2 protein chains.
Amino acid sequence: MQFHLNGFQPGDPDIADPAARVQVSGATGVLPEEVDVLIVGCGPAGLTLAAQLAQFPEIKTCIVEQKPDRLLVGQADGIACRTMEMFYAYGFSERVLKEAYWVNETTFWKPDERTPEKITRSGRVQDVEDGLSEFPHVILNQARIHDCFLDVMRKSPAKLEPYYSRRVLDLHVDPAADATDHAVTVRLERVDAANAGKIEMIRARYVVGCDGARSTVRKSIGRGLHGDSANHAWGVMDVLAVTDFPDIRFKSLIQSAKDGSLLIIPREGGYMVRIYVELAKLDVGERVANRNIAADDVIAKAQRILKPHTLEVKEIAWWSVYEIGQRLTDKFDDVPEAEIDTRLPRIFIAGDACHTHSPKAGQGMNVSMQDAFNLGWKLAAVLRKQCAPSLLHSYSAERQAVAKELIDFDREWAGILASAAKAGGTDAAKTQDYFVQHGRYTAGTATHYRPSVLTGTATHQHLAEGLVVGKRFHSAPVIRLADAKPVHLGHAAQADGRFRIYAFSPVEDPAAAGSAIRALCNFLADSRKSPIRRYTPSSADIDNVIDLRGVFQQDHRELAVEAMPPLLLPSKGRYGLYDYEKMFCPDFKNGQDVFAMRGIDRKAGCIVVVRPDQYVASVLPLDDFAGLTSYFDAFMLPMN
Amino acid sequence: MQFHLNGFQPGDPDIADPAARVQVSGATGVLPEEVDVLIVGCGPAGLTLAAQLAQFPEIKTCIVEQKPDRLLVGQADGIACRTMEMFYAYGFSERVLKEAYWVNETTFWKPDERTPEKITRSGRVQDVEDGLSEFPHVILNQARIHDCFLDVMRKSPAKLEPYYSRRVLDLHVDPAADATDHAVTVRLERVDAANAGKIEMIRARYVVGCDGARSTVRKSIGRGLHGDSANHAWGVMDVLAVTDFPDIRFKSLIQSAKDGSLLIIPREGGYMVRIYVELAKLDVGERVANRNIAADDVIAKAQRILKPHTLEVKEIAWWSVYEIGQRLTDKFDDVPEAEIDTRLPRIFIAGDACHTHSPKAGQGMNVSMQDAFNLGWKLAAVLRKQCAPSLLHSYSAERQAVAKELIDFDREWAGILASAAKAGGTDAAKTQDYFVQHGRYTAGTATHYRPSVLTGTATHQHLAEGLVVGKRFHSAPVIRLADAKPVHLGHAAQADGRFRIYAFSPVEDPAAAGSAIRALCNFLADSRKSPIRRYTPSSADIDNVIDLRGVFQQDHRELAVEAMPPLLLPSKGRYGLYDYEKMFCPDFKNGQDVFAMRGIDRKAGCIVVVRPDQYVASVLPLDDFAGLTSYFDAFMLPMN
């Protein structure tokens, strides 16, 4: 898709008329008085969370935003492979794949050795290592990601729309309230001209602050962002420009001899490009805003760095200056560390409200959305009475550790850029090495949750070497048994709050009377200890809470769907129709054997439990029914 | 995607609320008095044409439909690979891929040899041969295809909406009119209750009858559908059913010993299935409608054929009975064969209005859309004064021949099914052989236009063995030079009315001063004889009429985008931005060398000219500037 040729236009590029590209967004009327969850802020974290909760019509969610309308331009644009995997679960990855720029290779430029006032290409690497994810690393305006989530929300069972022009004034928690009470009272002020100054009150069971680095919600729970402001001022601009710099359509990291660094991020539509420009070192405590830097200053600096190449900026779609600051808060909810055992969290913060990153590492938006994806299913499970509220402690525990790791990485990365620049660009090789080495961080696949009530230990990891406990389920291509469709095993996961159990069969005939898969299915279908029986409401489909999938070693033409254990061909819905999409075989034709690709023990097989947010919760022997039972019993509430 | 579990619901399955799934469609108010093109009928042909013409805001199009609203259920569902390629050009293939059932394998069942009253599986084949197309063969409700086209129309520059509840009464052509006059006057009657009986008049330069087998437009030009009604009555039903027939999620062709044939077409959403059931042989001239066949009769027959398997139908989403009839009209426009040299066509017919097929061959909807795709760009080119009106003769010439070929195939196929059934299903092996052999017909890739003013001869075919003159451009994976993106070469083609020239470079360095690619680019950019110079309006972008693409033999890392001929890095739009998407290299990493895959002469290279409807128009030596010039000069009108 090509667009923005004759000027940047916000909204859906499939729509020819620029005036019709942006759909009306926003709820009308006053806020509801009482909700299960109040989300503050319509950024990536808030919208990811809202879109998740909107899948459950029984959960009452409200999302408010101080700005008067949806975002149209600017801000973040990097979308990691891991985020694309999540977008698949939300149902809009294909739209993003179509519209976004794909980061295929990254090039590196440094001062020419003989004429250092000119830059020269020093390296070129593949951006994402082979096989890291089934999705590419892409770049798309944050506003379009918002649009995708708003679309999911609008089409969801809850038909959720944000309330714009609402500013949170304060939050009050009733300390005497029960766990299930609407214990948080929030006061908001309307900031649209027609209603300016009107105060609204809303009572919520839970409040989630996705309200950015200056989060009111964070301040209300007495937390702050801590860390350095590294005092590097940078400019960023989305431009339509004419240049003879040959790598303008590659992600390019450029270090000049005397004028600092520049990062090129090509953008969607074929013509636009984002340019990050290193501007100046700030004094201690100084804010970049005080320097009165103009767009022309940013352009002039970029032109100097790019020499001998020209850069003629024709239109600036968006620009900003900022100082790098890696900052983090110590806990992502309202419960002090010392009170975890005695108090339940009611207020959470996510995204920039609890961590900020250097934009150039491409992390901020991705980590924020993963925060919300982690929190969303937990809130839903507690509100739907599937899990005990104590589960909610795991949100801060898991995500604060991840944010810290990423900020450490981010700081190191920013430092390398800065020091390389200081050294006159001579560290280009080091920069490139570091870039390659940390590809998994930037792809978002390095996140590794530590053992907890939700995440098992590595005891049985040898049964599935490539499906690491605590890391995201690494998908692989398979063939669906019942219709021979080539699909991705991980795409069984939708953002529907369900756990998945992947049962990888040993090499034996899975249909045989005594097969390990059959024994597992019999246990899950019939035993009083079965987590499926214990935790699935009797009125719901059998896969409503825990979704079992079978993976076999044989070619799909060798197996008979009708001979398999009934739990893998479940009868569902008001008509009792069979669900034929539970069983998979290796894609031998394309040489892609999931057992080999993910290091599954062929002799023993195994059980892989995957959380609703796609993280591997546990790897267990196929006959470890007790292990399976105790995993779910640790945090789930019996339904029947 | 899974949907329809608890009952069939029309519309967009991404929308949770069934009541919100169907967007309002249709223009309000009265018809315009004067248009360039009046399209009669909102079926696949009419909508394909409307969506094409809607891309050109300067063309005034009106589309009318007798029914009161969009289609919601039933009718055709098979989408051939070739059609998916066209959907890509229209911009919605990814939606169809996501929602549709994919036909991966087809199974064959026949009476068991020992107990012939039971059916048994006799064979299983891959549905589409490897490498035939980059798209699969899929199945999706015709109504959803309509939705996609309606969406394209709504978002297009022309913002086209159909006028529903309009019945064409008659057409009158002014015989004295000039070629460019609004010579056709059409009288229509409104058939909605509020306006019933109101008469509207519309004058059009061209009228296209896409109004089905009983086409009023066809009758108005004195043409009829000729051919046999094969007197086989069939039932068809879309059902939600519980069955122990194991191949219910495979396309399955079942021949019973005594009860005739049955065809299973699994449908989108994972639960619904279409079943075609052979009912009875009709008497000569008898219509199936007279038999008073009920849905229960169709179900009962299906149950008998499927024995020993059960079939419990829980819900019928749609059903119908019909008689097979392969019929064809002799010409697809209003000009008698004898008057072709002296008269220009003004009225066309497309789709079922000029040819009908047995539904089970899965051809009808696909051929209809290809009719419209063939006609659409021609009408646009004439109306935009790019081509002489005589070009319009080629529509009937090309499409009538294709329809005849397909009807011959279709008749043969239906006969085989019938005779196999008559022979007690013993011809199952023959059926299977025939099925495999004719896969290219059903995939829609067998269409082969004969040499004409639009289609060259095979003189230079040896330069590109795999890009057959007269057949659709067979895409292949490549790497885009400027950003290393893996793309499909054929996906350069959009439904935008443009011609494409693919220049395949010889093995030499394409950047060299004397390279063949450079010589071609110099000719195209500078020569007064260049078709790009001759036929592109001076105010338009250089690729507005003819879109040149370069394909090189080197790895993309070995070539420098900035060293290439300027015509391959054209400056476009109000800002003169460079278009970086014109150059491609083989995808060596994935072992996919387009030169090897499509049999391009590595030493000589070649020029491949592709029509706006994706058919290969000509293969020429790289230095055959005269050949290139004369190809376009034969039917295009100079602009400058």
# chains A, B, ... in the order shown; residues from 1 in each chain; ligands from 1
call {"tool": "residues_around", "arguments": {"residues": "B:Ser538", "least_positions_apart": "4", "cutoff": "10 Å", "atoms": "only C-alpha atoms", "output": "MDAnalysis selection string"}}
result
chainID B and resid 533:534 542 639:640
call {"tool": "write_last_selection", "arguments": {"atoms": "C-alpha atoms", "output": "PDB file, in the first residue's frame"}}
result
ATOM      1  CA  ARG B 533       5.592   9.742 -22.896  1.00  0.00           C
ATOM      2  CA  ARG B 534       2.881   9.406 -25.529  1.00  0.00           C
ATOM      3  CA  ILE B 542       5.016   9.293 -14.720  1.00  0.00           C
ATOM      4  CA  MET B 639      -2.561  12.351 -24.481  1.00  0.00           C
ATOM      5  CA  ASN B 640      -0.189  15.192 -25.128  1.00  0.00           C
TER       6      ASN B 640
END
call {"tool": "residues_around", "arguments": {"residues": "B:Met153", "least_positions_apart": "2", "cutoff": "9 Å", "atoms": "only C-alpha atoms", "output": "PyMOL selection string"}}
result
chain B and resi 47+50-55+148-151+155-161
call {"tool": "interface_residues", "arguments": {"of": "chain B", "to": "chain A", "cutoff": "8 Å", "atoms": "only C-alpha atoms", "output": "PDB file with C-alpha atoms, in the first residue's frame"}}
result
ATOM      1  CA  LEU B   5     -21.860 -22.108  16.314  1.00  0.00           C
ATOM      2  CA  ASN B   6     -25.223 -21.164  17.761  1.00  0.00           C
ATOM      3  CA  ASP B  14     -16.086  -9.796  13.731  1.00  0.00           C
ATOM      4  CA  ILE B  15     -19.047  -7.890  15.137  1.00  0.00           C
ATOM      5  CA  ALA B  16     -20.415  -9.521  18.278  1.00  0.00           C
ATOM      6  CA  ASP B  17     -23.962  -8.197  18.082  1.00  0.00           C
ATOM      7  CA  GLU B  94      -6.561 -10.577   3.446  1.00  0.00           C
ATOM      8  CA  ARG B  95     -10.106 -10.254   4.760  1.00  0.00           C
ATOM      9  CA  TRP B 102      -9.664 -23.021   2.759  1.00  0.00           C
ATOM     10  CA  VAL B 103     -10.026 -25.954   0.358  1.00  0.00           C
ATOM     11  CA  ASN B 104      -6.838 -27.843   1.041  1.00  0.00           C
ATOM     12  CA  GLU B 105      -7.666 -31.401   0.038  1.00  0.00           C
ATOM     13  CA  LYS B 155     -14.358   3.999   0.352  1.00  0.00           C
ATOM     14  CA  SER B 156     -13.438   4.772  -3.243  1.00  0.00           C
ATOM     15  CA  PRO B 157     -12.961   8.219  -4.790  1.00  0.00           C
ATOM     16  CA  LEU B 240     -25.442 -26.670  10.730  1.00  0.00           C
ATOM     17  CA  ALA B 241     -25.440 -30.407  11.298  1.00  0.00           C
ATOM     18  CA  VAL B 242     -24.107 -33.133  13.535  1.00  0.00           C
ATOM     19  CA  ASP B 244     -20.178 -38.855  12.090  1.00  0.00           C
ATOM     20  CA  PRO B 246     -15.396 -38.038   9.056  1.00  0.00           C
ATOM     21  CA  ASP B 247     -14.683 -35.820   6.032  1.00  0.00           C
ATOM     22  CA  ARG B 249     -14.551 -30.579   6.904  1.00  0.00           C
ATOM     23  CA  PHE B 250     -13.131 -31.655   3.560  1.00  0.00           C
ATOM     24  CA  GLY B 270     -15.783 -23.974  11.262  1.00  0.00           C
ATOM     25  CA  TYR B 271     -19.309 -25.364  11.659  1.00  0.00           C
ATOM     26  CA  LYS B 314     -29.897 -28.746  13.258  1.00  0.00           C
ATOM     27  CA  ALA B 482      14.993  -0.407  -1.610  1.00  0.00           C
ATOM     28  CA  ASP B 483      13.768  -1.919   1.662  1.00  0.00           C
ATOM     29  CA  ALA B 484      14.447  -5.678   1.392  1.00  0.00           C
ATOM     30  CA  LYS B 485      10.771  -6.477   1.901  1.00  0.00           C
ATOM     31  CA  ALA B 560      22.659   0.135  -5.126  1.00  0.00           C
ATOM     32  CA  VAL B 561      19.232   1.675  -5.492  1.00  0.00           C
ATOM     33  CA  GLU B 562      20.731   5.092  -6.173  1.00  0.00           C
ATOM     34  CA  LYS B 572       6.087  11.794  -7.959  1.00  0.00           C
ATOM     35  CA  GLY B 573       3.273  13.855  -6.505  1.00  0.00           C
ATOM     36  CA  ARG B 574       3.131  17.491  -5.465  1.00  0.00           C
ATOM     37  CA  TYR B 575       6.416  17.201  -3.574  1.00  0.00           C
ATOM     38  CA  GLY B 576       8.359  15.187  -6.127  1.00  0.00           C
ATOM     39  CA  LEU B 577       8.941  12.379  -3.616  1.00  0.00           C
ATOM     40  CA  TYR B 578      10.764   9.315  -4.857  1.00  0.00           C
ATOM     41  CA  ASP B 579       8.826   6.094  -5.307  1.00  0.00           C
ATOM     42  CA  TYR B 580      11.128   3.369  -3.981  1.00  0.00           C
ATOM     43  CA  GLU B 581       8.900   0.421  -4.823  1.00  0.00           C
TER      44      GLU B 581
END
call {"tool": "residues_around", "arguments": {"residues": "A:Asn292", "least_positions_apart": "5", "cutoff": "12 Å", "atoms": "only C-alpha atoms", "output": "PyMOL selection string"}}
result
chain A and resi 233+235+287+297-298+320-322
call {"tool": "write_last_selection", "arguments": {"atoms": "all heavy atoms", "output": "mmCIF file, in the first residue's frame"}}
result
data_model
loop_
_atom_site.group_PDB
_atom_site.id
_atom_site.type_symbol
_atom_site.label_atom_id
_atom_site.label_comp_id
_atom_site.auth_asym_id
_atom_site.auth_seq_id
_atom_site.Cartn_x
_atom_site.Cartn_y
_atom_site.Cartn_z
ATOM 1 N N ALA A 233 19.236 15.536 24.660
ATOM 2 C CA ALA A 233 18.048 16.039 23.971
ATOM 3 C C ALA A 233 18.013 15.470 22.559
ATOM 4 O O ALA A 233 19.034 15.448 21.870
ATOM 5 C CB ALA A 233 18.080 17.558 23.923
ATOM 6 N N GLY A 235 15.546 15.234 18.875
ATOM 7 C CA GLY A 235 14.401 15.667 18.094
ATOM 8 C C GLY A 235 13.854 14.473 17.330
ATOM 9 O O GLY A 235 14.602 13.560 16.979
ATOM 10 N N ARG A 287 15.421 21.050 31.235
ATOM 11 C CA ARG A 287 14.418 20.433 30.367
ATOM 12 C C ARG A 287 14.619 20.947 28.952
ATOM 13 O O ARG A 287 14.901 22.112 28.736
ATOM 14 C CB ARG A 287 12.999 20.778 30.848
ATOM 15 C CG ARG A 287 12.648 20.246 32.240
ATOM 16 C CD ARG A 287 12.725 18.722 32.299
ATOM 17 N NE ARG A 287 11.854 18.072 31.335
ATOM 18 C CZ ARG A 287 10.627 17.639 31.616
ATOM 19 N NH1 ARG A 287 10.138 17.742 32.821
ATOM 20 N NH2 ARG A 287 9.900 17.060 30.681
ATOM 21 N N ASP A 297 15.565 23.676 13.375
ATOM 22 C CA ASP A 297 16.820 23.289 14.037
ATOM 23 C C ASP A 297 17.044 21.786 13.901
ATOM 24 O O ASP A 297 18.159 21.318 13.670
ATOM 25 C CB ASP A 297 16.773 23.643 15.530
ATOM 26 C CG ASP A 297 16.573 25.145 15.762
ATOM 27 O OD1 ASP A 297 17.056 25.929 14.914
ATOM 28 O OD2 ASP A 297 15.929 25.504 16.759
ATOM 29 N N VAL A 298 15.956 21.046 14.062
ATOM 30 C CA VAL A 298 16.052 19.585 13.963
ATOM 31 C C VAL A 298 16.440 19.196 12.539
ATOM 32 O O VAL A 298 17.319 18.356 12.309
ATOM 33 C CB VAL A 298 14.723 18.914 14.377
ATOM 34 C CG1 VAL A 298 14.841 17.401 14.296
ATOM 35 C CG2 VAL A 298 14.316 19.355 15.784
ATOM 36 N N SER A 320 8.687 16.653 17.413
ATOM 37 C CA SER A 320 8.764 16.880 18.851
ATOM 38 C C SER A 320 10.222 16.868 19.265
ATOM 39 O O SER A 320 11.089 16.383 18.532
ATOM 40 C CB SER A 320 7.994 15.767 19.575
ATOM 41 O OG SER A 320 7.994 15.988 20.964
ATOM 42 N N VAL A 321 10.494 17.437 20.421
ATOM 43 C CA VAL A 321 11.814 17.250 21.030
ATOM 44 C C VAL A 321 11.601 16.642 22.400
ATOM 45 O O VAL A 321 10.559 16.844 23.034
ATOM 46 C CB VAL A 321 12.618 18.561 21.153
ATOM 47 C CG1 VAL A 321 13.021 19.088 19.790
ATOM 48 C CG2 VAL A 321 11.821 19.601 21.920
ATOM 49 N N TYR A 322 12.540 15.878 22.846
ATOM 50 C CA TYR A 322 12.384 15.227 24.145
ATOM 51 C C TYR A 322 13.761 14.928 24.696
ATOM 52 O O TYR A 322 14.769 14.928 23.977
ATOM 53 C CB TYR A 322 11.575 13.933 24.006
ATOM 54 C CG TYR A 322 12.282 12.890 23.183
ATOM 55 C CD1 TYR A 322 13.074 11.916 23.812
ATOM 56 C CD2 TYR A 322 12.222 12.891 21.789
ATOM 57 C CE1 TYR A 322 13.761 10.977 23.060
ATOM 58 C CE2 TYR A 322 12.900 11.962 21.038
ATOM 59 C CZ TYR A 322 13.660 11.008 21.681
ATOM 60 O OH TYR A 322 14.353 10.087 20.944
#
call {"tool": "atom_distance", "arguments": {"atom1": "atom CA of B:Tyr449", "atom2": "atom CA of B:Gly470"}}
result
4.5 Å
call {"tool": "residues_around", "arguments": {"residues": "stretch 453-456 of chain A", "least_positions_apart": "3", "cutoff": "12 Å", "atoms": "only C-alpha atoms", "output": "NGL selection string"}}
result
:A and (374 or 378 or 387-388 or 390-395 or 397-398 or 448-450 or 459-461 or 468-472 or 499 or 608-620 or 627-628 or 630-636)
call {"tool": "closest_residue", "arguments": {"among": "A:Gly325, A:Pro336, A:Gly351, A:Gly227", "to": "A:Val40", "atoms": "only C-alpha atoms"}}
result
A:Gly351
call {"tool": "atom_distance", "arguments": {"atom1": "atom CA of A:Leu489", "atom2": "atom CA of B:Arg144"}}
result
26.9 Å
call {"tool": "atom_distance", "arguments": {"atom1": "atom CA of B:Ala295", "atom2": "atom CA of B:Tyr276"}}
result
12.1 Å
call {"tool": "closest_residue", "arguments": {"among": "A:Thr442, A:Asn590, A:Gln255, A:Ser122", "to": "A:Gly362", "atoms": "only C-alpha atoms"}}
result
A:Thr442
call {"tool": "closest_residue", "arguments": {"among": "A:Leu262, A:Val186, A:Ile600, A:Val208", "to": "A:Ile63", "atoms": "only C-alpha atoms"}}
result
A:Val208
call {"tool": "select_by_dssp", "arguments": {"residues": "stretch 501-559 of chain B", "states": "strand (DSSP E or B)", "output": "list of chain:residue names"}}
result
B:Ile501, B:Tyr502, B:Ala503, B:Phe504, B:Ile546, B:Asp547, B:Leu548, B:Arg549, B:Gly550, B:Val551
call {"tool": "select_by_dssp", "arguments": {"residues": "stretch 249-447 of chain B", "states": "alpha helix (DSSP H)", "output": "MDAnalysis selection string"}}
result
chainID B and resid 295:306 364:383 393:422 428:437 439:443
call {"tool": "closest_residue", "arguments": {"among": "B:Glu99, B:Asp283, B:Asp36, B:Glu117", "to": "B:Glu323", "atoms": "only C-alpha atoms"}}
result
B:Asp283
